[in-house]
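These notes concern the structure reproduced below.
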Amino acid sequence: MLDDKLAEYLGSTAGASLPPVFRAPGRKGRADCPACGQSTGSRVCPECHNPLPSAYCDSPGRIVALVGAKNAGKSTYIAVLLHELMNRVGTELDASLVACDDRTIERYKRDFARPLLEERRLLPTTASAATSPREPLVYLLTRTRRARFAKERNESLALVLFDTAGEDLRSREVRDLHLRYLEAADAVIFLVDPLELPGAAAGTPPVAGDDPDSEPINIIARVTEALRQRHGTRPGDRLPVPVAVALTKIDVLRPEMLRQSALHRSRGGAGVLDLDDRDAVDAQVRALLHEWQAGQLDTYLGQQYSEYALFGVSALGGPPEDGRVGPGGVRPHRAEDPLLWLLHRFGMLDGTRAGGS
Ligand SMILES: Nc1nc2c(ncn2[C@@H]2O[C@H](COP(=O)(O)OP(=O)(O)O)[C@@H](O)[C@H]2O)c(=O)[nH]1
Ligand SMILES: [Mg+2]
């Protein structure tokens, strides 16, 4: 039957049909309908009536919001990051990544993996949440840890990935109805296209022109505002939410700039976070931001967040050609770095330094 709350969220009655919604303690993941007595394992959000993932993904969840201007590379990055986690990086970390609901499986295949990884087509621009409500991708990441003198144990993390277009953040209406999760984010991955920074394009004007809403500092300021609402911090206090800021598409940067640099090297893959490498990349990206007249972004993050880290990634590994992935295929470079850092922050990945701990 038609569900009014879901219809309101979707902005249409199409697809807004649901069995009756009722409140229940939901222990063991099931409950009986008070009206007809039928038992159900389906759960919906009490606010918007959107379906929730099954109970096995319940705890402990971390919401990672992925934010960036239009064209920053968000969708491409999500496609590649998830694929890396399910394959190479998953193997390295002894981690499995499993979708928590059928919609996630279906959407990942249809909107991300099939077009980009199989058909090698660039992804279409993400529609605004106002016209097509955004559903998150929800995964359970489970890591087996082997400590030298302790028993093997599994640690799990529900990873909730939202792909948010920067332009959605300017409308309070859209923010209130569709982007409430931003307030609840446990971590933010903020993607910045270096070619949009004034100094990086070297002569060519940034593609977005002078739309202030697509400027990285304005987008991160909107997110900061949302986070402050939940945390209730005073303006002078730093927010405790870790923020990973990644320059995307670093394959387009002039090669002489990257040669023999930390960013250019590959990360040594050993199932730990190499803290020396982390420091080197962080310093290099900071230097690039300042060189490209985006030092303000660095300063702002330092003022607002107690923990933020800078990254440089390439999801594709090379420039696309004619609307398609380049001839070498998708060859990600350091795409997993921001997530590894977050896992380290969440206590799920050890950090090491060359000189011992
Ligand atoms: N050279 C290069 N281009 C990229 C990369 N990732 C994305 N792009 C380009 O950036 C465009 C926008 O990417 P998309 O993921 O759709 O951005 P979104 O709007 O933030 O979701 C794509 O069409 C690609 O042409 C990358 O790693 N390298
Ligand atoms: Mg997109």
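So you can find residues: chains in the structure tokens are A, B, ... in the order shown, residues in each start at 1, and ligands are numbered from 1 in order.
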
Could you list the protein, DNA and RNA residues that have any atom within 9 Å of ligand 2, counting only C-alpha atoms and all ligand atoms, and write them as a list in words?
Lys70, Asn71, Ala72, Gly73, Lys74, Ser75, Thr76, Leu123, Pro124, Thr125, Thr126, Ala127, Asp163, Thr164 and Ala165 of chain A

For the residues selected in the previous step, produce a file with N, CA, C and O atoms as an mmCIF file, in the first residue's frame.
```
data_model
loop_
_atom_site.group_PDB
_atom_site.id
_atom_site.type_symbol
_atom_site.label_atom_id
_atom_site.label_comp_id
_atom_site.auth_asym_id
_atom_site.auth_seq_id
_atom_site.Cartn_x
_atom_site.Cartn_y
_atom_site.Cartn_z
ATOM 1 N N LYS A 70 30.735 18.704 -7.927
ATOM 2 C CA LYS A 70 30.394 17.973 -9.126
ATOM 3 C C LYS A 70 31.668 17.760 -9.939
ATOM 4 O O LYS A 70 32.493 18.666 -10.041
ATOM 5 N N ASN A 71 31.857 16.552 -10.455
ATOM 6 C CA ASN A 71 33.008 16.271 -11.297
ATOM 7 C C ASN A 71 34.322 16.087 -10.534
ATOM 8 O O ASN A 71 35.385 15.979 -11.145
ATOM 9 N N ALA A 72 34.251 16.087 -9.215
ATOM 10 C CA ALA A 72 35.482 15.915 -8.439
ATOM 11 C C ALA A 72 36.030 14.498 -8.599
ATOM 12 O O ALA A 72 37.216 14.260 -8.365
ATOM 13 N N GLY A 73 35.153 13.572 -9.001
ATOM 14 C CA GLY A 73 35.599 12.187 -9.158
ATOM 15 C C GLY A 73 35.009 11.247 -8.125
ATOM 16 O O GLY A 73 35.527 10.150 -7.909
ATOM 17 N N LYS A 74 33.915 11.636 -7.485
ATOM 18 C CA LYS A 74 33.335 10.840 -6.394
ATOM 19 C C LYS A 74 32.849 9.464 -6.846
ATOM 20 O O LYS A 74 33.208 8.453 -6.245
ATOM 21 N N SER A 75 32.024 9.442 -7.882
ATOM 22 C CA SER A 75 31.447 8.153 -8.293
ATOM 23 C C SER A 75 32.538 7.204 -8.777
ATOM 24 O O SER A 75 32.538 6.019 -8.439
ATOM 25 N N THR A 76 33.457 7.729 -9.567
ATOM 26 C CA THR A 76 34.560 6.915 -10.062
ATOM 27 C C THR A 76 35.369 6.362 -8.886
ATOM 28 O O THR A 76 35.759 5.194 -8.864
ATOM 29 N N LEU A 123 31.466 7.201 -15.868
ATOM 30 C CA LEU A 123 30.158 7.193 -15.221
ATOM 31 C C LEU A 123 29.400 8.473 -15.526
ATOM 32 O O LEU A 123 29.996 9.543 -15.640
ATOM 33 N N PRO A 124 28.082 8.375 -15.678
ATOM 34 C CA PRO A 124 27.286 9.591 -15.885
ATOM 35 C C PRO A 124 27.295 10.445 -14.625
ATOM 36 O O PRO A 124 27.497 9.931 -13.525
ATOM 37 N N THR A 125 27.061 11.727 -14.788
ATOM 38 C CA THR A 125 27.054 12.636 -13.647
ATOM 39 C C THR A 125 25.973 12.231 -12.642
ATOM 40 O O THR A 125 24.862 11.899 -13.025
ATOM 41 N N THR A 126 26.337 12.248 -11.382
ATOM 42 C CA THR A 126 25.376 11.930 -10.330
ATOM 43 C C THR A 126 24.284 12.985 -10.313
ATOM 44 O O THR A 126 24.575 14.177 -10.294
ATOM 45 N N ALA A 127 23.017 12.540 -10.299
ATOM 46 C CA ALA A 127 21.919 13.489 -10.232
ATOM 47 C C ALA A 127 21.866 14.113 -8.847
ATOM 48 O O ALA A 127 22.341 13.534 -7.877
ATOM 49 N N ASP A 163 27.376 9.312 -1.496
ATOM 50 C CA ASP A 163 28.003 10.068 -2.574
ATOM 51 C C ASP A 163 27.232 11.392 -2.654
ATOM 52 O O ASP A 163 26.114 11.444 -3.133
ATOM 53 N N THR A 164 27.809 12.440 -2.132
ATOM 54 C CA THR A 164 27.084 13.707 -2.047
ATOM 55 C C THR A 164 27.649 14.752 -2.986
ATOM 56 O O THR A 164 28.826 15.089 -2.908
ATOM 57 N N ALA A 165 26.802 15.273 -3.846
ATOM 58 C CA ALA A 165 27.243 16.326 -4.748
ATOM 59 C C ALA A 165 27.318 17.639 -3.977
ATOM 60 O O ALA A 165 26.418 17.980 -3.224
#
```

Using only C-alpha atoms, determine which residues lie at most 10 Å from segment 270-273 of chain A, disregarding the query and same-chain residues fewer than 5 positions distant; provide the list as a PyMOL selection string.
chain A and resi 89-95+145+278+337+340-341+343-344+348-353

Closest atom pairs, chain A residues within 9 Å of ligand 1, only C-alpha atoms and all ligand atoms, as a Markdown table:
```
| residue | atom | partner | partner_atom_place_in_ligand_line | distance |
| --- | --- | --- | --- | --- |
| A:Val67 | CA | ligand 1 | 20 (O) | 8.2 |
| A:Gly68 | CA | ligand 1 | 20 (O) | 6.1 |
| A:Ala69 | CA | ligand 1 | 20 (O) | 6.0 |
| A:Lys70 | CA | ligand 1 | 19 (O) | 4.1 |
| A:Asn71 | CA | ligand 1 | 19 (O) | 3.4 |
| A:Ala72 | CA | ligand 1 | 20 (O) | 3.9 |
| A:Gly73 | CA | ligand 1 | 17 (O) | 3.3 |
| A:Lys74 | CA | ligand 1 | 20 (O) | 3.7 |
| A:Ser75 | CA | ligand 1 | 15 (O) | 3.8 |
| A:Thr76 | CA | ligand 1 | 15 (O) | 3.6 |
| A:Tyr77 | CA | ligand 1 | 15 (O) | 6.1 |
| A:Ile78 | CA | ligand 1 | 15 (O) | 7.9 |
| A:Ala79 | CA | ligand 1 | 15 (O) | 8.5 |
| A:Arg121 | CA | ligand 1 | 23 (O) | 8.8 |
| A:Leu122 | CA | ligand 1 | 23 (O) | 5.2 |
| A:Leu123 | CA | ligand 1 | 16 (O) | 5.2 |
| A:Pro124 | CA | ligand 1 | 16 (O) | 5.9 |
| A:Thr125 | CA | ligand 1 | 16 (O) | 5.0 |
| A:Thr126 | CA | ligand 1 | 21 (O) | 5.6 |
| A:Ala127 | CA | ligand 1 | 19 (O) | 8.8 |
| A:Asp163 | CA | ligand 1 | 21 (O) | 7.5 |
| A:Thr164 | CA | ligand 1 | 20 (O) | 8.2 |
| A:Ala165 | CA | ligand 1 | 20 (O) | 6.7 |
| A:Gly166 | CA | ligand 1 | 20 (O) | 8.5 |
| A:Leu191 | CA | ligand 1 | 20 (O) | 7.9 |
| A:Val192 | CA | ligand 1 | 20 (O) | 8.9 |
| A:Asp193 | CA | ligand 1 | 10 (O) | 8.2 |
| A:Thr248 | CA | ligand 1 | 27 (O) | 5.9 |
| A:Lys249 | CA | ligand 1 | 28 (N) | 3.6 |
| A:Ile250 | CA | ligand 1 | 28 (N) | 6.6 |
| A:Asp251 | CA | ligand 1 | 1 (N) | 5.7 |
| A:Val252 | CA | ligand 1 | 1 (N) | 5.4 |
| A:Leu253 | CA | ligand 1 | 1 (N) | 8.9 |
| A:Val313 | CA | ligand 1 | 27 (O) | 7.0 |
| A:Ser314 | CA | ligand 1 | 27 (O) | 3.8 |
| A:Ala315 | CA | ligand 1 | 27 (O) | 3.7 |
| A:Leu316 | CA | ligand 1 | 27 (O) | 3.9 |
| A:Gly317 | CA | ligand 1 | 27 (O) | 5.5 |
| A:Gly318 | CA | ligand 1 | 1 (N) | 5.0 |
| A:Pro319 | CA | ligand 1 | 1 (N) | 3.5 |
| A:Pro320 | CA | ligand 1 | 25 (O) | 5.6 |
| A:Glu321 | CA | ligand 1 | 25 (O) | 8.1 |
| A:Gly323 | CA | ligand 1 | 25 (O) | 6.9 |
| A:Arg324 | CA | ligand 1 | 25 (O) | 7.9 |
| A:Val325 | CA | ligand 1 | 25 (O) | 8.1 |
| A:Gly326 | CA | ligand 1 | 1 (N) | 8.9 |
| A:Val330 | CA | ligand 1 | 27 (O) | 8.7 |
| A:Arg331 | CA | ligand 1 | 27 (O) | 8.7 |
| A:Pro332 | CA | ligand 1 | 27 (O) | 7.2 |
| A:His333 | CA | ligand 1 | 27 (O) | 8.2 |
| A:Ala335 | CA | ligand 1 | 27 (O) | 8.7 |
```

Store the residues of this selection in a file with C-alpha atoms, as a PDB file, in the first residue's frame.
```pdb
ATOM      1  CA  VAL A  67      31.746  14.696  -0.353  1.00  0.00           C
ATOM      2  CA  GLY A  68      33.021  16.759  -3.251  1.00  0.00           C
ATOM      3  CA  ALA A  69      32.022  19.199  -5.962  1.00  0.00           C
ATOM      4  CA  LYS A  70      30.394  17.973  -9.126  1.00  0.00           C
ATOM      5  CA  ASN A  71      33.008  16.271 -11.297  1.00  0.00           C
ATOM      6  CA  ALA A  72      35.482  15.915  -8.439  1.00  0.00           C
ATOM      7  CA  GLY A  73      35.599  12.187  -9.158  1.00  0.00           C
ATOM      8  CA  LYS A  74      33.335  10.840  -6.394  1.00  0.00           C
ATOM      9  CA  SER A  75      31.447   8.153  -8.293  1.00  0.00           C
ATOM     10  CA  THR A  76      34.560   6.915 -10.062  1.00  0.00           C
ATOM     11  CA  TYR A  77      36.368   6.813  -6.743  1.00  0.00           C
ATOM     12  CA  ILE A  78      33.613   4.820  -5.018  1.00  0.00           C
ATOM     13  CA  ALA A  79      33.549   2.280  -7.841  1.00  0.00           C
ATOM     14  CA  ARG A 121      32.704   3.789 -19.895  1.00  0.00           C
ATOM     15  CA  LEU A 122      32.956   6.910 -17.728  1.00  0.00           C
ATOM     16  CA  LEU A 123      30.158   7.193 -15.221  1.00  0.00           C
ATOM     17  CA  PRO A 124      27.286   9.591 -15.885  1.00  0.00           C
ATOM     18  CA  THR A 125      27.054  12.636 -13.647  1.00  0.00           C
ATOM     19  CA  THR A 126      25.376  11.930 -10.330  1.00  0.00           C
ATOM     20  CA  ALA A 127      21.919  13.489 -10.232  1.00  0.00           C
ATOM     21  CA  ASP A 163      28.003  10.068  -2.574  1.00  0.00           C
ATOM     22  CA  THR A 164      27.084  13.707  -2.047  1.00  0.00           C
ATOM     23  CA  ALA A 165      27.243  16.326  -4.748  1.00  0.00           C
ATOM     24  CA  GLY A 166      28.615  19.593  -3.447  1.00  0.00           C
ATOM     25  CA  LEU A 191      37.474  14.791  -2.669  1.00  0.00           C
ATOM     26  CA  VAL A 192      39.050  17.736  -4.451  1.00  0.00           C
ATOM     27  CA  ASP A 193      39.844  17.902  -8.153  1.00  0.00           C
ATOM     28  CA  THR A 248      41.798  13.148  -7.110  1.00  0.00           C
ATOM     29  CA  LYS A 249      43.056  12.532 -10.657  1.00  0.00           C
ATOM     30  CA  ILE A 250      46.698  12.975  -9.677  1.00  0.00           C
ATOM     31  CA  ASP A 251      47.594  11.156 -12.889  1.00  0.00           C
ATOM     32  CA  VAL A 252      46.972  14.456 -14.710  1.00  0.00           C
ATOM     33  CA  LEU A 253      49.580  16.363 -12.726  1.00  0.00           C
ATOM     34  CA  VAL A 313      44.784   9.488  -5.366  1.00  0.00           C
ATOM     35  CA  SER A 314      44.056   8.409  -8.892  1.00  0.00           C
ATOM     36  CA  ALA A 315      41.086   6.138  -9.393  1.00  0.00           C
ATOM     37  CA  LEU A 316      41.634   5.614 -13.107  1.00  0.00           C
ATOM     38  CA  GLY A 317      45.433   5.757 -13.166  1.00  0.00           C
ATOM     39  CA  GLY A 318      45.440   7.773 -16.395  1.00  0.00           C
ATOM     40  CA  PRO A 319      43.376  10.308 -18.296  1.00  0.00           C
ATOM     41  CA  PRO A 320      40.184   9.095 -19.984  1.00  0.00           C
ATOM     42  CA  GLU A 321      39.831   9.339 -23.759  1.00  0.00           C
ATOM     43  CA  GLY A 323      34.330   9.341 -22.738  1.00  0.00           C
ATOM     44  CA  ARG A 324      36.021   6.058 -22.018  1.00  0.00           C
ATOM     45  CA  VAL A 325      38.687   4.753 -19.686  1.00  0.00           C
ATOM     46  CA  GLY A 326      42.144   5.087 -21.279  1.00  0.00           C
ATOM     47  CA  VAL A 330      41.503   1.138 -14.800  1.00  0.00           C
ATOM     48  CA  ARG A 331      44.765   1.204 -12.853  1.00  0.00           C
ATOM     49  CA  PRO A 332      44.136   2.816  -9.484  1.00  0.00           C
ATOM     50  CA  HIS A 333      46.978   4.512  -7.663  1.00  0.00           C
ATOM     51  CA  ALA A 335      42.988   4.891  -4.015  1.00  0.00           C
TER      52      ALA A 335
END
```

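Using only C-alpha atoms for every distance, the candidate list A:Arg43, A:Lys5, A:Arg286, A:Arg62 yields A:Arg62 as the residue closest to Leu159 of chain A.
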
Residues of segment 102-347 of chain A classed as helix (DSSP H, G or I) by DSSP on the backbone are to be reported as a ChimeraX atom specification.
/A:102-118,166-170,172-178,181-184,194-196,212-214,216-231,250-252,255-258,275-291,295-304,337-345
